[in-house]
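**Student:** File name protein_33.tsv; file contents TSV, C-alpha atoms; full text below.
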```tsv
chain	number	residue	atom	x	y	z
V	1	MET	CA	0.00	0.00	0.00
V	2	ASN	CA	1.38	3.44	-0.97
V	3	LYS	CA	1.78	5.96	1.82
V	4	LYS	CA	0.84	9.58	1.08
V	5	ILE	CA	2.07	12.75	2.77
V	6	SER	CA	0.57	16.18	2.65
V	7	LEU	CA	1.90	18.95	0.42
V	8	GLY	CA	2.86	21.01	3.46
V	9	ILE	CA	5.00	18.23	4.93
V	10	ALA	CA	6.68	17.68	1.56
V	11	ILE	CA	7.54	21.35	1.27
V	12	SER	CA	8.93	21.32	4.81
V	13	LEU	CA	11.14	18.31	4.06
V	14	VAL	CA	12.48	19.96	0.93
V	15	ALA	CA	13.24	23.12	2.85
V	16	ILE	CA	15.06	21.18	5.57
V	17	GLY	CA	17.09	19.32	2.92
V	18	CYS	CA	18.07	22.60	1.26
V	19	ALA	CA	19.07	24.06	4.61
V	20	ILE	CA	21.28	21.05	5.44
V	21	THR	CA	22.91	21.20	1.99
V	22	PHE	CA	23.56	24.92	2.41
V	23	VAL	CA	25.13	24.44	5.85
V	24	LEU	CA	27.40	21.60	4.64
V	25	THR	CA	28.46	23.51	1.52
V	26	TRP	CA	29.10	26.68	3.51
V	27	THR	CA	31.17	24.75	6.10
V	28	VAL	CA	33.33	23.08	3.48
V	29	SER	CA	33.81	26.34	1.57
V	30	LEU	CA	34.71	28.17	4.76
V	31	ASN	CA	37.34	25.54	5.62
V	32	ILE	CA	38.88	25.79	2.13
V	33	TYR	CA	38.80	29.60	2.34
V	34	ASN	CA	40.41	29.59	5.77
V	35	SER	CA	43.15	27.20	4.63
V	36	LYS	CA	43.91	29.42	1.65
V	37	ILE	CA	43.93	32.53	3.83
V	38	GLY	CA	46.30	30.79	6.25
V	39	THR	CA	48.63	29.76	3.46
V	40	SER	CA	48.55	33.24	1.97
V	41	GLN	CA	49.37	34.79	5.34
V	42	ASP	CA	52.24	32.33	5.79
V	43	TYR	CA	53.68	33.33	2.42
V	44	GLU	CA	53.24	37.01	3.18
V	45	GLY	CA	55.25	36.44	6.34
V	46	ILE	CA	58.05	34.78	4.36
V	47	TYR	CA	58.12	37.59	1.80
V	48	GLN	CA	58.19	40.19	4.57
V	49	LYS	CA	61.03	38.38	6.32
V	50	LEU	CA	63.05	38.32	3.09
V	51	GLN	CA	62.46	42.03	2.60
V	52	GLU	CA	63.62	42.74	6.16
V	53	ILE	CA	66.75	40.61	5.70
V	54	ASP	CA	67.54	42.30	2.38
V	55	ALA	CA	67.10	45.79	3.85
V	56	THR	CA	69.28	44.91	6.87
V	57	VAL	CA	72.06	43.47	4.70
V	58	ARG	CA	72.11	46.40	2.28
V	59	GLN	CA	72.23	48.92	5.12
V	60	ASN	CA	74.84	47.18	7.29
V	61	TYR	CA	76.86	44.57	5.40
V	62	ILE	CA	80.42	45.73	4.74
V	63	GLY	CA	80.35	44.20	1.26
V	64	SER	CA	76.84	45.30	0.30
V	65	GLY	CA	78.17	47.36	-2.60
V	66	SER	CA	79.54	44.26	-4.29
V	67	ILE	CA	76.36	42.16	-4.04
V	68	ASP	CA	75.50	40.62	-7.40
V	69	ASP	CA	71.70	40.74	-7.62
V	70	ASP	CA	71.60	37.95	-10.21
V	71	VAL	CA	73.61	35.65	-7.96
V	72	LEU	CA	71.49	36.65	-4.98
V	73	GLU	CA	68.29	35.87	-6.87
V	74	ALA	CA	69.58	32.49	-8.05
V	75	SER	CA	70.78	31.61	-4.54
V	76	THR	CA	67.39	32.50	-3.05
V	77	ILE	CA	65.58	30.34	-5.60
V	78	ASN	CA	68.02	27.48	-5.10
V	79	GLY	CA	67.51	27.77	-1.36
V	80	TYR	CA	63.76	27.31	-1.84
V	81	ILE	CA	64.32	24.29	-4.10
V	82	SER	CA	66.72	22.78	-1.57
V	83	GLY	CA	64.06	23.22	1.10
V	84	THR	CA	61.60	21.05	-0.83
V	85	GLY	CA	63.81	17.99	-0.34
V	86	ASP	CA	63.67	17.11	-4.06
V	87	LYS	CA	67.30	16.17	-4.69
V	88	TYR	CA	66.77	16.15	-8.46
V	89	ALA	CA	64.97	19.50	-8.71
V	90	SER	CA	66.81	22.41	-10.29
V	91	TYR	CA	66.31	26.01	-11.30
V	92	ILE	CA	67.55	26.73	-14.82
V	93	ALA	CA	68.58	30.25	-15.79
V	94	PRO	CA	67.31	31.56	-19.17
V	95	SER	CA	70.56	31.06	-21.09
V	96	ALA	CA	71.11	27.59	-19.64
V	97	TYR	CA	67.50	26.61	-20.37
V	98	TYR	CA	67.89	27.66	-24.01
V	99	GLU	CA	71.01	25.51	-24.27
V	100	LEU	CA	69.21	22.60	-22.61
V	101	GLN	CA	66.41	22.82	-25.18
V	102	GLN	CA	68.97	22.79	-27.98
V	103	THR	CA	70.73	19.80	-26.45
V	104	GLN	CA	67.45	17.90	-26.18
V	105	ALA	CA	66.86	18.68	-29.85
V	106	GLY	CA	70.27	17.17	-30.69
V	107	VAL	CA	72.36	20.34	-30.99
V	108	ILE	CA	75.21	21.49	-28.73
V	109	LEU	CA	75.67	25.15	-27.98
V	110	GLY	CA	78.91	25.06	-26.06
V	111	ALA	CA	82.45	23.73	-25.99
V	112	GLY	CA	81.39	20.13	-26.65
V	113	PHE	CA	81.37	18.29	-23.34
V	114	GLU	CA	79.07	17.26	-20.52
V	115	ALA	CA	80.05	17.58	-16.86
V	116	GLU	CA	78.63	16.82	-13.44
V	117	GLU	CA	79.35	18.09	-9.95
V	118	ASP	CA	81.99	16.10	-8.12
V	119	SER	CA	82.04	15.46	-4.36
V	120	SER	CA	85.25	17.49	-4.18
V	121	GLY	CA	83.42	20.65	-5.27
V	122	TYR	CA	84.86	20.48	-8.77
V	123	LEU	CA	83.21	19.34	-12.03
V	124	LYS	CA	83.94	15.99	-13.61
V	125	ILE	CA	83.74	15.70	-17.41
V	126	THR	CA	81.58	12.70	-18.28
V	127	THR	CA	81.22	13.00	-22.07
V	128	VAL	CA	83.25	14.63	-24.85
V	129	TYR	CA	81.42	14.95	-28.17
V	130	LYS	CA	83.06	14.00	-31.43
V	131	GLY	CA	84.22	16.89	-33.60
V	132	SER	CA	83.81	19.39	-30.78
V	133	SER	CA	86.28	22.01	-29.60
V	134	ALA	CA	86.78	19.91	-26.45
V	135	GLU	CA	87.77	16.80	-28.41
V	136	LEU	CA	90.02	18.72	-30.78
V	137	ASN	CA	91.85	20.24	-27.81
V	138	GLY	CA	92.44	16.91	-26.08
V	139	VAL	CA	89.80	17.07	-23.32
V	140	LEU	CA	89.01	13.56	-22.05
V	141	ALA	CA	86.16	11.96	-20.13
V	142	GLY	CA	87.26	11.75	-16.50
V	143	ASP	CA	89.09	15.09	-16.49
V	144	ILE	CA	88.34	17.26	-13.45
V	145	ILE	CA	87.61	20.96	-14.01
V	146	THR	CA	89.22	22.95	-11.19
V	147	ALA	CA	88.95	26.49	-12.60
V	148	ILE	CA	86.93	28.33	-15.26
V	149	ASP	CA	88.31	31.49	-16.84
V	150	GLY	CA	90.92	31.68	-14.08
V	151	LYS	CA	88.46	31.39	-11.17
V	152	SER	CA	88.60	28.37	-8.88
V	153	LEU	CA	85.39	26.38	-8.67
V	154	LEU	CA	85.83	26.16	-4.89
V	155	SER	CA	85.15	29.90	-4.67
V	156	MET	CA	81.87	29.67	-6.60
V	157	GLU	CA	78.31	29.32	-5.37
V	158	PRO	CA	76.47	26.00	-5.99
V	159	GLY	CA	75.43	25.81	-9.63
V	160	GLN	CA	77.53	28.80	-10.63
V	161	ALA	CA	80.24	26.70	-12.27
V	162	MET	CA	77.73	25.05	-14.60
V	163	ASP	CA	76.36	28.48	-15.54
V	164	ARG	CA	79.87	29.73	-16.33
V	165	ILE	CA	80.39	26.94	-18.84
V	166	SER	CA	77.45	28.28	-20.83
V	167	GLY	CA	77.94	31.22	-23.17
V	168	GLU	CA	77.37	32.62	-26.63
V	169	VAL	CA	78.57	30.72	-29.69
V	170	GLY	CA	82.01	31.96	-30.76
V	171	THR	CA	83.17	33.01	-27.29
V	172	ARG	CA	86.18	31.49	-25.53
V	173	LEU	CA	86.19	29.23	-22.50
V	174	ALA	CA	89.39	28.72	-20.51
V	175	LEU	CA	89.54	25.61	-18.34
V	176	GLN	CA	92.04	24.35	-15.81
V	177	LEU	CA	91.88	20.54	-15.75
V	178	LEU	CA	93.28	17.92	-13.41
V	179	ARG	CA	94.24	14.59	-15.00
V	180	ASP	CA	96.19	11.89	-13.16
V	181	GLY	CA	97.57	14.50	-10.77
V	182	GLU	CA	98.70	16.80	-13.59
V	183	SER	CA	97.25	20.28	-14.11
V	184	ILE	CA	96.37	21.06	-17.75
V	185	SER	CA	95.21	24.34	-19.29
V	186	VAL	CA	92.95	24.33	-22.35
V	187	ASN	CA	91.30	27.14	-24.29
V	188	LEU	CA	88.06	26.16	-26.03
V	189	ILE	CA	85.60	27.87	-28.38
V	190	ARG	CA	81.89	27.61	-27.78
V	191	GLN	CA	80.20	26.38	-30.95
V	192	GLN	CA	77.04	24.97	-32.45
V	193	LEU	CA	77.43	21.31	-33.22
V	194	GLU	CA	75.02	18.52	-34.06
V	195	ILE	CA	75.30	15.81	-31.43
V	196	GLU	CA	76.29	12.33	-32.55
V	197	SER	CA	74.85	10.52	-29.55
V	198	VAL	CA	75.24	7.09	-31.17
V	199	SER	CA	78.38	5.39	-32.48
V	200	SER	CA	78.83	1.80	-33.59
V	201	LYS	CA	81.32	-0.79	-34.82
V	202	MET	CA	81.61	-4.54	-35.40
V	203	ILE	CA	83.59	-6.69	-32.96
V	204	ASN	CA	84.90	-10.19	-33.67
V	205	GLY	CA	83.13	-10.13	-37.02
V	206	ASN	CA	79.58	-10.76	-35.82
V	207	ILE	CA	78.96	-8.73	-32.65
V	208	CYS	CA	77.56	-5.24	-33.10
V	209	TYR	CA	78.69	-2.68	-30.49
V	210	ILE	CA	76.51	0.44	-30.17
V	211	GLN	CA	77.35	3.23	-27.73
V	212	ILE	CA	74.68	5.75	-26.69
V	213	THR	CA	76.09	8.78	-24.86
V	214	THR	CA	72.81	10.64	-24.27
V	215	PHE	CA	69.16	10.62	-25.33
V	216	ASN	CA	67.89	13.48	-27.48
V	217	ALA	CA	65.42	13.95	-30.32
V	218	LYS	CA	67.83	12.43	-32.87
V	219	THR	CA	69.13	9.49	-30.83
V	220	SER	CA	66.52	6.94	-31.90
V	221	ASP	CA	67.04	7.59	-35.62
V	222	GLN	CA	70.80	7.31	-35.19
V	223	PHE	CA	70.40	4.07	-33.22
V	224	ILE	CA	68.05	2.48	-35.77
V	225	THR	CA	70.44	3.38	-38.59
V	226	ALA	CA	73.38	1.80	-36.74
V	227	LEU	CA	71.39	-1.33	-35.92
V	228	THR	CA	70.09	-1.71	-39.48
V	229	ASN	CA	73.59	-1.35	-40.94
V	230	ALA	CA	74.93	-3.94	-38.51
V	231	ARG	CA	72.19	-6.45	-39.36
V	232	ASN	CA	72.86	-5.94	-43.06
V	233	ILE	CA	76.47	-7.03	-42.62
V	234	GLY	CA	75.64	-10.06	-40.50
V	235	ALA	CA	75.52	-9.03	-36.82
V	236	LYS	CA	74.48	-12.01	-34.66
V	237	ALA	CA	74.71	-10.40	-31.20
V	238	LEU	CA	74.49	-6.90	-29.77
V	239	ILE	CA	76.30	-4.90	-27.08
V	240	ILE	CA	74.70	-1.60	-26.06
V	241	ASP	CA	77.05	0.66	-24.09
V	242	LEU	CA	75.19	2.96	-21.67
V	243	ARG	CA	78.12	3.72	-19.39
V	244	GLN	CA	78.38	7.38	-18.35
V	245	ASN	CA	75.05	8.07	-20.07
V	246	GLY	CA	73.36	10.70	-17.92
V	247	GLY	CA	69.93	10.20	-19.50
V	248	GLY	CA	67.96	12.74	-21.48
V	249	VAL	CA	64.52	12.71	-23.11
V	250	THR	CA	62.52	9.52	-22.48
V	251	SER	CA	60.63	10.00	-25.76
V	252	ALA	CA	63.73	8.63	-27.53
V	253	LEU	CA	63.29	5.24	-25.88
V	254	LYS	CA	60.11	3.96	-27.52
V	255	PRO	CA	61.50	3.81	-31.11
V	256	ILE	CA	64.60	2.03	-29.79
V	257	LEU	CA	62.57	-0.47	-27.76
V	258	ASN	CA	60.27	-1.08	-30.72
V	259	GLN	CA	63.22	-2.79	-32.39
V	260	PHE	CA	63.28	-5.51	-29.72
V	261	VAL	CA	60.12	-5.50	-27.58
V	262	PRO	CA	56.75	-6.74	-28.89
V	263	SER	CA	53.64	-4.71	-28.10
V	264	THR	CA	53.56	-4.20	-24.33
V	265	ILE	CA	53.43	-1.61	-21.55
V	266	ALA	CA	57.14	-1.31	-20.87
V	267	ALA	CA	57.10	1.35	-18.12
V	268	THR	CA	54.63	3.24	-15.96
V	269	VAL	CA	54.76	6.28	-13.67
V	270	GLU	CA	53.23	6.45	-10.20
V	271	TYR	CA	52.26	9.99	-9.16
V	272	SER	CA	51.95	11.51	-5.69
V	273	ASP	CA	48.21	10.74	-5.49
V	274	GLY	CA	48.86	7.04	-6.10
V	275	SER	CA	47.58	7.02	-9.67
V	276	ARG	CA	49.57	5.31	-12.42
V	277	LYS	CA	49.91	6.20	-16.08
V	278	THR	CA	51.73	4.53	-18.96
V	279	LEU	CA	55.13	6.05	-19.71
V	280	ILE	CA	56.27	3.78	-22.55
V	281	GLU	CA	54.08	1.41	-24.54
V	282	THR	CA	55.71	-0.39	-27.45
V	283	ASP	CA	53.61	-1.09	-30.54
V	284	SER	CA	55.94	-3.06	-32.78
V	285	ALA	CA	54.59	-5.91	-34.91
V	286	ASN	CA	58.10	-7.18	-35.56
V	287	SER	CA	60.86	-7.46	-32.99
V	288	LEU	CA	64.48	-8.58	-33.24
V	289	ASP	CA	65.37	-11.64	-31.16
V	290	ILE	CA	69.14	-11.43	-30.67
V	291	PRO	CA	71.58	-12.17	-27.80
V	292	MET	CA	72.18	-8.86	-26.08
V	293	ALA	CA	74.37	-7.35	-23.35
V	294	VAL	CA	74.13	-3.86	-21.88
V	295	LEU	CA	77.18	-2.15	-20.33
V	296	VAL	CA	76.32	-0.03	-17.28
V	297	ASP	CA	78.05	1.82	-14.43
V	298	ASN	CA	77.36	4.45	-11.77
V	299	GLY	CA	77.18	7.06	-14.53
V	300	THR	CA	74.22	5.23	-16.13
V	301	VAL	CA	71.36	7.47	-15.02
V	302	SER	CA	67.62	7.99	-15.49
V	303	ALA	CA	66.55	7.28	-19.11
V	304	ALA	CA	69.66	5.13	-19.59
V	305	GLU	CA	68.69	3.03	-16.56
V	306	LEU	CA	65.13	2.80	-17.88
V	307	LEU	CA	66.32	1.43	-21.22
V	308	ALA	CA	68.61	-1.08	-19.50
V	309	SER	CA	65.84	-2.22	-17.16
V	310	VAL	CA	63.28	-2.75	-19.93
V	311	LEU	CA	65.77	-4.61	-22.16
V	312	ARG	CA	66.57	-6.97	-19.28
V	313	ASP	CA	62.90	-7.42	-18.28
V	314	GLU	CA	61.45	-7.87	-21.74
V	315	CYS	CA	64.34	-9.25	-23.84
V	316	GLY	CA	66.57	-11.05	-21.38
V	317	ALA	CA	69.47	-8.67	-21.98
V	318	LEU	CA	72.43	-9.26	-19.66
V	319	LEU	CA	73.64	-6.26	-17.68
V	320	ILE	CA	77.42	-6.07	-17.29
V	321	GLY	CA	79.52	-3.58	-15.33
V	322	THR	CA	78.81	-1.92	-12.00
V	323	GLN	CA	75.66	-0.80	-10.21
V	324	THR	CA	73.80	2.09	-11.86
V	325	PHE	CA	73.06	5.49	-10.30
V	326	GLY	CA	69.51	4.79	-9.04
V	327	LYS	CA	67.34	7.59	-10.45
V	328	ALA	CA	63.89	6.25	-11.35
V	329	VAL	CA	61.84	9.42	-11.12
V	330	MET	CA	59.79	11.21	-13.75
V	331	GLN	CA	60.62	14.91	-13.99
V	332	ASN	CA	58.69	17.74	-15.58
V	333	THR	CA	60.18	21.06	-16.65
V	334	TYR	CA	58.07	24.20	-16.29
V	335	ALA	CA	59.09	27.29	-18.27
V	336	PHE	CA	58.58	30.84	-16.97
V	337	SER	CA	57.95	34.10	-18.77
V	338	ASP	CA	61.55	35.34	-18.40
V	339	GLY	CA	62.94	32.29	-20.20
V	340	SER	CA	64.02	30.45	-17.05
V	341	ALA	CA	62.62	27.09	-15.99
V	342	LEU	CA	62.13	24.75	-13.06
V	343	THR	CA	62.58	20.98	-13.18
V	344	ILE	CA	60.91	18.98	-10.41
V	345	SER	CA	60.19	15.32	-9.71
V	346	VAL	CA	56.53	14.38	-10.25
V	347	GLY	CA	56.43	10.58	-10.13
V	348	LYS	CA	58.29	7.31	-9.65
V	349	ILE	CA	59.06	5.07	-12.63
V	350	TYR	CA	58.33	1.33	-12.67
V	351	THR	CA	59.16	-1.42	-15.14
V	352	ARG	CA	57.98	-5.03	-14.98
V	353	SER	CA	60.61	-5.86	-12.35
V	354	GLY	CA	59.70	-2.86	-10.19
V	355	THR	CA	61.57	0.36	-9.51
V	356	TRP	CA	65.30	0.90	-9.07
V	357	ASP	CA	64.96	4.35	-7.48
V	358	GLY	CA	67.61	4.88	-4.83
V	359	SER	CA	69.14	1.44	-5.27
V	360	GLY	CA	70.18	1.34	-8.92
V	361	LEU	CA	70.25	-1.68	-11.20
V	362	LYS	CA	72.54	-4.50	-10.12
V	363	PRO	CA	74.35	-6.07	-13.09
V	364	ASP	CA	74.04	-9.76	-13.90
V	365	TYR	CA	77.84	-9.79	-14.16
V	366	VAL	CA	79.53	-7.33	-11.79
V	367	THR	CA	82.76	-6.33	-13.51
V	368	GLU	CA	85.08	-3.48	-12.56
V	369	LEU	CA	87.25	-1.51	-14.97
V	370	PRO	CA	91.00	-1.33	-14.29
V	371	VAL	CA	91.87	1.26	-11.63
V	372	GLY	CA	91.85	4.76	-13.13
V	373	ALA	CA	90.21	3.68	-16.40
V	374	VAL	CA	87.23	5.62	-17.75
V	375	PRO	CA	84.75	4.38	-20.40
V	376	GLY	CA	85.46	6.08	-23.72
V	377	ASN	CA	89.09	6.57	-22.75
V	378	ILE	CA	90.34	2.98	-22.79
V	379	SER	CA	91.25	0.46	-25.49
V	380	ASP	CA	88.91	-2.43	-26.28
V	381	ASP	CA	91.50	-4.97	-25.12
V	382	ALA	CA	91.88	-3.24	-21.73
V	383	ASP	CA	88.12	-2.68	-21.34
V	384	SER	CA	87.30	-5.53	-18.94
V	385	GLN	CA	83.57	-4.81	-19.05
V	386	LEU	CA	83.47	-4.96	-22.85
V	387	GLN	CA	85.55	-8.14	-22.83
V	388	LYS	CA	83.16	-9.71	-20.31
V	389	ALA	CA	80.23	-8.90	-22.62
V	390	ILE	CA	81.99	-10.58	-25.52
V	391	GLU	CA	82.74	-13.60	-23.34
V	392	VAL	CA	79.13	-14.14	-22.21
V	393	LEU	CA	77.56	-13.41	-25.62
V	394	THR	CA	79.82	-15.60	-27.77
V	395	PRO	CA	78.32	-18.96	-26.60
V	396	LEU	CA	74.81	-17.56	-27.21
V	397	ILE	CA	75.42	-16.75	-30.89
V	398	PRO	CA	73.59	-19.28	-33.10
V	399	ALA	CA	75.82	-21.52	-35.17
V	400	GLU	CA	75.90	-20.80	-38.89
```
Using structure tokens, write down the structure that the file contains.
**Tutor:**
Amino acid sequence: MNKKISLGIAISLVAIGCAITFVLTWTVSLNIYNSKIGTSQDYEGIYQKLQEIDATVRQNYIGSGSIDDDVLEASTINGYISGTGDKYASYIAPSAYYELQQTQAGVILGAGFEAEEDSSGYLKITTVYKGSSAELNGVLAGDIITAIDGKSLLSMEPGQAMDRISGEVGTRLALQLLRDGESISVNLIRQQLEIESVSSKMINGNICYIQITTFNAKTSDQFITALTNARNIGAKALIIDLRQNGGGVTSALKPILNQFVPSTIAATVEYSDGSRKTLIETDSANSLDIPMAVLVDNGTVSAAELLASVLRDECGALLIGTQTFGKAVMQNTYAFSDGSALTISVGKIYTRSGTWDGSGLKPDYVTELPVGAVPGNISDDADSQLQKAIEVLTPLIPAE
């Protein structure tokens, strides 16, 4: 039996429901408003404190007349970034960001080398590009930069040394290098040069060796060309050298992986809210089944580690060398109106075997180089990691 209520009661119930909805909505909105007001007041307090500090310094500091406002601004920004706890985050000045964009596109605007901060406070050269001013003047991977344009790196602010390396095409760059205890002076010219991030050769007649020094917009095409040429002349096994590869753009990885990995989700990213999205999904109908080894070391970072991990997970590639760096985070770069940019970590990367963030990839065959040897600056015969790759691949090569 249906129960009926009067029109007056119905109207009263509707009114009560509306009142409850209004109260709940108002309460939630008030909480959000109050939280935003609180945050705004906190930030106003920080800005006011900075203004007070700046005024005090400029009025009283004995060296206030020599303050470099650009350095002060960069140091303040870097201080904020450091406070976030994101060890991979970085502020990029306008000129450096322009050069980074060119590098990602496959073009160098500089003296032709890559460097990273060393624990000593100096910079360590990790890569020297072919045909560059650095190569022509004898700069080698492993060299330590102790001074730039006559100024010691130990007297510079964090990040300042990297900024000093940048400069306009055609300008000079004077470096003081330390190599095997010997101090060396070199004078370089900043130039525009297309990056050859891939080089290849045949070893023992049927093993193709491909070195990838970085990942940019042209890397995948260069890799596919090298691989195709090697297959055409009878390559039966493959060594991919990712040692001292500091990473680069992850978009270069899919075309490379498409050569070996059938259609699959090769890598995902987990964001701060717990959600996951596909980072790399291969879509190849044809894939090359070939014995493969990947050379890695502590200088194998980020995108290079990702490639190594997927090749091991999906193709059974053998990792040879030493443990990798351990950076499995997705980073985004946000550009600002003045041409500068901010790179921050936004998610953690996973492959089928999990994540290697913080721990690095452990090789299947742990093999050290001779003491003092640096990849790219050692003969094939003395390269113990390369020789180990040849040793483990040779029995896997199909008989003719």
**Student:** Could you tell me which of V:Glu196, V:Glu52, V:Glu281, V:Glu368 comes closest to Asp297 of chain V if we count only C-alpha atoms?
**Tutor:** V:Glu368
**Student:** Residues near Ile344 of chain V, anyone? I mean within 10 Å using all atoms listed in the file, not counting same-chain ones fewer than 6 positions away, as a ChimeraX atom specification.
**Tutor:** /V:81,84,86-91,329-334
**Student:** List the spatial neighbours of Gln387 of chain V as a list in words - criterion: any atom at most 12 Å away, all atoms listed in the file, same-chain residues fewer than 6 positions off excluded.
**Tutor:**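 Final neighbour list, sorted by chain and number: Ile203, Asn204, Ile207, Tyr209, Ile239, Ala293, Leu295, Ile320, Gly321, Tyr365, Thr367, Glu368, Leu369, Ser379, Asp380, Asp381, Leu393 and Thr394 of chain V.
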**Student:** Can you tell me which residues surround Ile378 of chain V at a distance of at most 12 Å, considering only C-alpha atoms, apart from same-chain residues fewer than 5 positions away, and format the answer as a list in words?
**Tutor:**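 My list of contacting residues is Leu140, Ala141, Gly142, Leu369, Pro370, Val371, Gly372, Ala373, Asp383, Ser384, Gln385 and Leu386 of chain V.
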**Student:** For Gly326 of chain V, which residue out of V:Leu361, V:Ala304, V:Ile290, V:Leu253 is the nearest one, using only C-alpha atoms?
**Tutor:** V:Leu361
**Student:** Env of segment 118-134 of chain V: 6 Å cut, atoms = all atoms listed in the file, seq-sep filter 5 positions within chain, self excluded. Answer as a PDB file with C-alpha atoms, in the coordinates of the input.
**Tutor:**
```
ATOM      1  CA  ALA V 111      82.450  23.730 -25.990  1.00  0.00           C
ATOM      2  CA  GLY V 112      81.390  20.130 -26.650  1.00  0.00           C
ATOM      3  CA  PHE V 113      81.370  18.290 -23.340  1.00  0.00           C
ATOM      4  CA  VAL V 139      89.800  17.070 -23.320  1.00  0.00           C
ATOM      5  CA  ALA V 141      86.160  11.960 -20.130  1.00  0.00           C
ATOM      6  CA  GLY V 142      87.260  11.750 -16.500  1.00  0.00           C
ATOM      7  CA  ASP V 143      89.090  15.090 -16.490  1.00  0.00           C
ATOM      8  CA  ILE V 144      88.340  17.260 -13.450  1.00  0.00           C
ATOM      9  CA  ILE V 145      87.610  20.960 -14.010  1.00  0.00           C
ATOM     10  CA  THR V 146      89.220  22.950 -11.190  1.00  0.00           C
ATOM     11  CA  LEU V 153      85.390  26.380  -8.670  1.00  0.00           C
ATOM     12  CA  LEU V 188      88.060  26.160 -26.030  1.00  0.00           C
TER      13      LEU V 188
END
```
**Student:** Need to verify the contact set: segment 305-314 of chain V, 9 Å, only C-alpha atoms, exclusion of same-chain residues closer than 5 positions in sequence. Can you return it as a PyMOL selection string?
**Tutor:** chain V and resi 240+242+245+247+250+253+256-257+260-262+266-267+292-296+300+319+324-328+349-353+356+360-361
**Student:** Record the distance separating atom CA of Gly106 of chain V and atom CA of Asn377 of chain V, expressed in Å with one decimal.
**Tutor:**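 Here the two named atoms are 23.0 Å from each other.
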**Student:** Please report the interatomic distance between atom CA of Ala161 of chain V and atom CA of Ile62 of chain V in Å with one decimal.
**Tutor:**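 One can read the atom CA of Ala161 of chain V to atom CA of Ile62 of chain V distance as 25.5 Å.
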**Student:** Suppose you want the space between atom CA of Ala217 of chain V and atom CA of Ser302 of chain V; what is it in Å?
**Tutor:**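 For atom CA of Ala217 of chain V relative to atom CA of Ser302 of chain V, the distance reads 16.1 Å.
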**Student:** With only C-alpha atoms as the basis for distance, which of V:Gly354, V:Ile212, V:Val57, V:Glu182 is at the shortest distance from Ala303 of chain V?
**Tutor:** V:Ile212
**Student:** Compare V:Ile148, V:Ala174, V:Ala74, V:Ile195 by their minimum atom-to-atom distance to Gln102 of chain V, counting all atoms listed in the file, and give me the closest one.
**Tutor:**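 Of V:Ile148, V:Ala174, V:Ala74, V:Ile195, the one nearest Gln102 of chain V, counting all atoms listed in the file, is V:Ile195.
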**Student:** Which residue, V:Asp69, V:Glu194, V:Asp54, V:Glu44, has the smallest gap to Leu109 of chain V when you use all atoms listed in the file?
**Tutor:**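 Of the candidates, the smallest distance to Leu109 of chain V is held by V:Glu194.
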**Student:** Give the answer as one residue: which of V:Val269, V:Val374, V:Leu288, V:Val392 has the shortest atom-to-atom distance to Gln244 of chain V, using all atoms listed in the file?
**Tutor:**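 Closest to Gln244 of chain V, using all atoms listed in the file: V:Val374.
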